[in-house]
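Taking it in order: structure first as structure tokens, then the write-up.
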Amino acid sequence: MIGGNDKISNSQIVFILITTIVGVGILSLPSALVERVGSDGWISIIIGSILVSILVAIATILTSYYPGKTVIEFGREIVSTPVSDIISFLFIVYFVVISAFTVRIFAEVVKMFLLDKTPTEVIIMTMLFTVAYIVRGGIEGIGRMAEIILPVVILPLLLLFIAIIPDLDFTNLLPVFRTSFTDIVKTIPLTFFSFMGYELILFFMAYVDKPKNSTAKNIAAIVIVTLIYLIFFTVTLARFGQNEVRDLLWPSLSLVRSVDLPGFFIENVEAVVMGLWVLNVFASLSPVYYGAVLTLTKLLRANEHKYFVLPLLPFIYILSLVPDNLASVYTMMDMFIYYYTTIILIGVPILYFIISLFKKANKKGVGSNG
Amino acid sequence: MDKLHKIVLIFLITVLLGGCWDKIEINERAFVFAIGIDKFKPKNMNGAEEKRYIITYAFPNVKTLADQGGDEKPRFVIRSIGQNMFQVSDILTTRSNRTMFFGHTKVIIISEDVARDPIAFREVIDGLERYHAIGRKVDVLISKETAKKAIDIVPDFEPVTGSYLRGILTAKKRSARFTPTTLGDIGANMHGGGSILIPMVTPGETDLKVAGAAIIKNYRLIGWLGEKENRSVMFVKGEVEREDITTKYKDITIAYSVENVESNKTAKVEDGKIKVGIFVNIEGFIERYRFDAKQDLLDDKILQEIEKSLQNTIAKEIKGTIRKLQEEFSADVIGIEDYLSKFKPDIWEQVEDNWNEVFKDIIIDVEVDVKVRRIGMTR
């Protein structure tokens with residue numbers, strides 16, 4: 001059952017989508033793209049975002065067939081309870097792994113730039129407890145948080161980008177269209193999975209109060225994310241050039257760190273930027289965590305999600321500490337993404353959508369015959 | 001919530017929120033403004049293979065920065081020997097009550113013998129790039145003598161070496177005799193044995209001189225460019241903002257000041273050889289002529305002849321430098337690689353893999369166009 005408090009507006013969904021998708025992926029996206037396709041990376045960002053937009057449209061239309069129900073519930077109607085419950089379980093695993101990955105990258109970055117003597121475990125725990133707190137507050141709290149955090153993070157970043165303009169050399173974006181088409185196609189999985197998080201539509205649309213033009217709004221979220229990615233990609237490349245971007249672990253962070261505010265008495269703005277970024281990770285992590293909690297609640301047909309928040313926390317915590325180092329974090333994540341997430345993020349929405357279309361057609365057929 | 005709960009909560013807050021693992025009081029920090037890296041050459045190596053460095057740190061006395069120091073020493077220099085600069089900063093904590101802080105580092109001076117050794121140079125650059133606190137905008141200089149000596153000099157104008165050198169380097173608007181190079185530039189250009197110029201610093205009595213450049217290729221220093229040669233490189237790159245040229249016109253030496261430079265490049269393949277054209281357009285004004293000379297300057301014909309004379313002077317300089325770069329060093333520091341890879345990818349893809357060898361044989365044409373825009377207050 002949906003309580004009276006658990007209502008969000010469609011624009012809040014948009015905010016949640018943007019903050020979730022632009023999480024830790026944006027840190028390494030430019031260097032991963034430049035390494036594979038050089039200065040043509042923006043093409044694969046655009047192709048990836050078009051594919052994601054199609055999936056977002058499918059997911060939103062699918063949820064509109066079953067108003068007020070999350071994918072866990074309408075999945076049972078579509079593919080029978082046992083199959084749907086297995087898929088829901090896969091979703092929980094997915095959310096938990098993604099949360100663990102995000103929080104681990106977060107801890108690595110914070111440890112490197114801010115708190116070099118604080119143990120990783122403590123950084124992870126602090127973040128997880130904070131996230132657990134907002135998740136207990138439910139979807140409404142998360143929606144409002146996303147609404148507040150997104151402008152707070154985006155506006156200062158745009159200002160910083162203005163300060164960086166004199167240092168940019170846009171000829172670094174040349175040459176264009178030099179990469180073979182097959183090379184670009186090969187990077188599409190990479191850009192596609194930079195949009196991980198859009199699947200939350202399947203879960204959160206159920207809570208939208210009076211949905212209207214939802215498809216267009218959700219696609220708008222993807223468009224905004226694409227713009228953010230494109231800006232980061234072009235500006236990093238223009239600032240550093242191909243060779244250096246390839247060399248940097250987190251070019252987006254190095255970019256904002258290289259800003260010199262003209263005539264400003266603070267020379268290093270990195271502390272401010274890191275603060276903003278921590279907010280962003282928080283806003284990215286909480287919807288995913290809530291996704292896991294929500295799925296578990298619905299799977300067990302429980303009424304109250306609050307009881308499931310803390311029990312999930314140890315799983316995320318332990319998983320996040322499994323990789324020995326940063327390199328193995330990224331290796332494990334790539335494996336997980338390519339084999340597991342493909343099924344969940346692409347397979348499930350399309351499968352559900354096709355079956356539900358058939359069922360609708362059948363129903364209509366039966367209705368007209370009778 | 002009863003009273004006990006509240007009290008416990010307040011205690012928890014004060015205990016848990018007050019602490020910080022990484023807290024260092026500001027007066028216990030040493031803000032390292034300049035780092036010098038030298039090679040350590042012991043008398044008997046005992047077969048030790050690994051490189052050891054003498055690292056010098058200079059940091060200002062924070063008290064004097066706030067103008068309350070009185071007679072205190074304006075800055076401190078501390079040095080030690082170690083495998084790398086981080087080991088050294090750890091060693092130094094045993095000798096100093098301060099914690100080294102690199103967030104405000106302004107310049108890094110690398111000595112010639114480190115730069116001449118490719119392994120040592122790569123070790124040093126990697127260590128600097130990998131360390132998070134050192135920004136990629138830190139300026140790097142190469143010292144013809146030891147870096148130690150350069151840092152030990154207390155410049156008269158500004159005792160803090162880091163600020164002093166940064167001040168000179170940001171004065172690109174006044175001179176084209178050096179090419180400011182940051183750590184990030186080095187990282188971007190040294191890949192695959194690429195070439196780059198790093199400005200040279202020469203210690204004087206009570207000052208430091210930044211002029212000329214070290215040519216880095218294949219991860220090591222292969223030679224030097226003089227001040228004027230460096231100026232030619234800057235002309236080719238179109239990065240000159242202010243420079244003075246002297247030329248002769250009918251036995252009168254004329255001082256000409258460059259205000260604006262634009263440079264364009266073209267490239268094509270002719271008979272299997274790459275032909276690069278460089279066009280340098282220079283604008284400026286006459287600074288000095290000769291008082292009461294026969295012809296005054298308010299005459300277009302004379303100005304055109306002066307322009308021609310300037311063109312010859314500058315073109316000769318540039319051509320000489322390019323010949324030196326091609327024949328002696330085969331080091332492309334004039335940005336042709338950059339141009340080809342961006343604007344002529346078809347040509348670039350054929351020569352990409354052995355550019356260092358190809359560069360020697362490409363044909364470079366230089367054309368200089370000088371305009372005298374102003375002649376000053378007198379005729």
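By order of appearance in the structure tokens: chains A, B, ..., then residues from 1 within every chain, and ligands from 1 in the order shown.
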
Which chain A residues are at most 6 Å from chain B (counting only C-alpha atoms), as a VMD selection string? chain A and resid 117 to 118 174 to 175 243 to 244

Okay, now the selection with all heavy atoms, as a JSON list (two decimals), in the first residue's frame?
[["chain", "number", "residue", "atom", "x", "y", "z"],
["A", 117, "LYS", "N", 44.37, 10.34, 6.40],
["A", 117, "LYS", "CA", 44.66, 9.45, 7.52],
["A", 117, "LYS", "C", 43.41, 8.76, 8.07],
["A", 117, "LYS", "O", 43.50, 7.86, 8.88],
["A", 117, "LYS", "CB", 45.37, 10.22, 8.63],
["A", 117, "LYS", "CG", 46.77, 10.63, 8.25],
["A", 117, "LYS", "CD", 47.53, 11.15, 9.44],
["A", 117, "LYS", "CE", 48.76, 11.91, 9.02],
["A", 117, "LYS", "NZ", 48.45, 13.26, 8.49],
["A", 118, "THR", "N", 42.25, 9.21, 7.64],
["A", 118, "THR", "CA", 41.02, 8.59, 8.10],
["A", 118, "THR", "C", 40.86, 7.23, 7.42],
["A", 118, "THR", "O", 41.01, 7.14, 6.21],
["A", 118, "THR", "CB", 39.82, 9.49, 7.75],
["A", 118, "THR", "OG1", 40.11, 10.80, 8.20],
["A", 118, "THR", "CG2", 38.57, 9.00, 8.41],
["A", 174, "LEU", "N", 39.78, 18.54, -32.13],
["A", 174, "LEU", "CA", 40.05, 18.05, -33.47],
["A", 174, "LEU", "C", 40.98, 16.84, -33.39],
["A", 174, "LEU", "O", 41.72, 16.72, -32.44],
["A", 174, "LEU", "CB", 40.71, 19.16, -34.31],
["A", 174, "LEU", "CG", 39.83, 20.37, -34.60],
["A", 174, "LEU", "CD1", 40.65, 21.48, -35.19],
["A", 174, "LEU", "CD2", 38.73, 19.97, -35.54],
["A", 175, "PRO", "N", 41.07, 15.99, -34.35],
["A", 175, "PRO", "CA", 40.21, 15.93, -35.52],
["A", 175, "PRO", "C", 38.87, 15.23, -35.20],
["A", 175, "PRO", "O", 38.82, 14.42, -34.29],
["A", 175, "PRO", "CB", 41.04, 15.06, -36.47],
["A", 175, "PRO", "CG", 41.82, 14.17, -35.58],
["A", 175, "PRO", "CD", 42.08, 14.94, -34.32],
["A", 243, "ASN", "N", 46.35, 13.57, -24.76],
["A", 243, "ASN", "CA", 47.37, 12.80, -24.06],
["A", 243, "ASN", "C", 47.19, 12.84, -22.56],
["A", 243, "ASN", "O", 47.33, 11.84, -21.88],
["A", 243, "ASN", "CB", 48.76, 13.34, -24.41],
["A", 243, "ASN", "CG", 49.20, 12.86, -25.76],
["A", 243, "ASN", "OD1", 48.76, 11.79, -26.20],
["A", 243, "ASN", "ND2", 50.04, 13.61, -26.41],
["A", 244, "GLU", "N", 46.89, 14.03, -22.06],
["A", 244, "GLU", "CA", 46.82, 14.16, -20.62],
["A", 244, "GLU", "C", 45.54, 13.54, -20.07],
["A", 244, "GLU", "O", 45.55, 12.90, -19.03],
["A", 244, "GLU", "CB", 46.92, 15.63, -20.23],
["A", 244, "GLU", "CG", 47.58, 15.82, -18.90],
["A", 244, "GLU", "CD", 47.69, 17.26, -18.53],
["A", 244, "GLU", "OE1", 47.54, 18.12, -19.42],
["A", 244, "GLU", "OE2", 47.92, 17.55, -17.35]]

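Residues in contact range of Ile134 of chain A, defined as at most 8 Å between only C-alpha atoms, with sequence neighbours fewer than 6 positions away removed, read Gly141, Ile142 and Ser286 of chain A.
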
Residues just named, written with N, CA, C and O atoms as a PDB file, in the first residue's frame:
ATOM      1  N   GLY A 141      11.227  12.232   0.973  1.00  0.00           N
ATOM      2  CA  GLY A 141      12.445  12.897   1.419  1.00  0.00           C
ATOM      3  C   GLY A 141      13.506  12.894   0.344  1.00  0.00           C
ATOM      4  O   GLY A 141      14.175  13.904   0.105  1.00  0.00           O
ATOM      5  N   ILE A 142      13.644  11.756  -0.337  1.00  0.00           N
ATOM      6  CA  ILE A 142      14.665  11.653  -1.379  1.00  0.00           C
ATOM      7  C   ILE A 142      14.361  12.624  -2.521  1.00  0.00           C
ATOM      8  O   ILE A 142      15.252  13.299  -3.035  1.00  0.00           O
ATOM      9  N   SER A 286      21.553   7.630  -2.389  1.00  0.00           N
ATOM     10  CA  SER A 286      20.309   7.369  -1.652  1.00  0.00           C
ATOM     11  C   SER A 286      19.197   6.768  -2.505  1.00  0.00           C
ATOM     12  O   SER A 286      18.543   5.829  -2.054  1.00  0.00           O
TER      13      SER A 286
END

If we count only C-alpha atoms and set the cut-off at 9 Å, which residues sit around segment 143-153 of chain A, ignoring sequence neighbours fewer than 4 positions away in its own chain? Please answer as an mmCIF file with C-alpha atoms, in the first residue's frame.
data_model
loop_
_atom_site.group_PDB
_atom_site.id
_atom_site.type_symbol
_atom_site.label_atom_id
_atom_site.label_comp_id
_atom_site.auth_asym_id
_atom_site.auth_seq_id
_atom_site.Cartn_x
_atom_site.Cartn_y
_atom_site.Cartn_z
ATOM 1 C CA ILE A 8 6.306 12.866 -5.263
ATOM 2 C CA SER A 9 5.861 15.031 -8.300
ATOM 3 C CA SER A 11 9.654 16.860 -11.720
ATOM 4 C CA GLN A 12 11.077 15.356 -8.544
ATOM 5 C CA ILE A 13 11.562 12.129 -10.479
ATOM 6 C CA VAL A 14 13.516 14.144 -13.021
ATOM 7 C CA PHE A 15 15.748 15.540 -10.276
ATOM 8 C CA ILE A 16 16.234 12.094 -8.754
ATOM 9 C CA LEU A 17 17.168 10.651 -12.138
ATOM 10 C CA ILE A 18 19.730 13.349 -12.846
ATOM 11 C CA THR A 19 21.446 13.176 -9.463
ATOM 12 C CA THR A 20 21.465 9.379 -9.523
ATOM 13 C CA ILE A 134 17.370 9.694 4.427
ATOM 14 C CA GLY A 138 11.097 7.400 2.195
ATOM 15 C CA ILE A 139 10.678 8.511 -1.379
ATOM 16 C CA LEU A 157 30.157 24.162 -11.230
ATOM 17 C CA VAL A 273 34.382 21.453 -5.150
ATOM 18 C CA LEU A 276 29.801 19.749 -3.676
ATOM 19 C CA TRP A 277 30.869 16.419 -5.016
ATOM 20 C CA LEU A 279 26.668 16.126 -1.838
ATOM 21 C CA ASN A 280 26.327 14.749 -5.325
ATOM 22 C CA ALA A 283 22.178 12.292 -3.828
ATOM 23 C CA SER A 284 23.314 9.553 -6.161
ATOM 24 C CA PRO A 287 17.877 6.599 -4.515
#

Could you give me the residues within segment 17-255 of chain B that DSSP places in strand (DSSP E or B), as a PyMOL selection string? chain B and resi 29-31+34-39+53-60+75-82+99-101+107-111+139-143+182+196-203+208-217+220-225+243-249+252-255

Report as an MDAnalysis selection string: the residues of segment 52-299 of chain A with a DSSP assignment of alpha helix (DSSP H), based on the backbone of this structure. chainID A and resid 52:65 71:79 81:113 120:136 138:164 181:193 201:204 214:240 242:247 251:257 270:299

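With atom CA of Val210 of chain B on one side and atom CA of Lys149 of chain B on the other, the separation reads 14.4 Å.
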
Shell of 9 Å around Leu313 of chain A, only C-alpha atoms, local chain residues under 5 positions omitted, as a ChimeraX atom specification: /A:96,128-129,132,318

Residues near Ala59 of chain A, anyone? I mean within 12 Å using only C-alpha atoms, not counting same-chain ones fewer than 6 positions away, as a PyMOL selection string. chain A and resi 52-53+65-66+70-71+198-206+214-215+218-219+345-354+356

For Arg178 of chain A, which residue among B:Ile254, B:Glu349, B:Ile245, B:Val140 is the nearest when counting only C-alpha atoms? B:Glu349

From B:Thr170, B:Gln311, B:Ser257, B:Asn264, residue lying nearest Gly284 of chain B [only C-alpha atoms]: B:Ser257
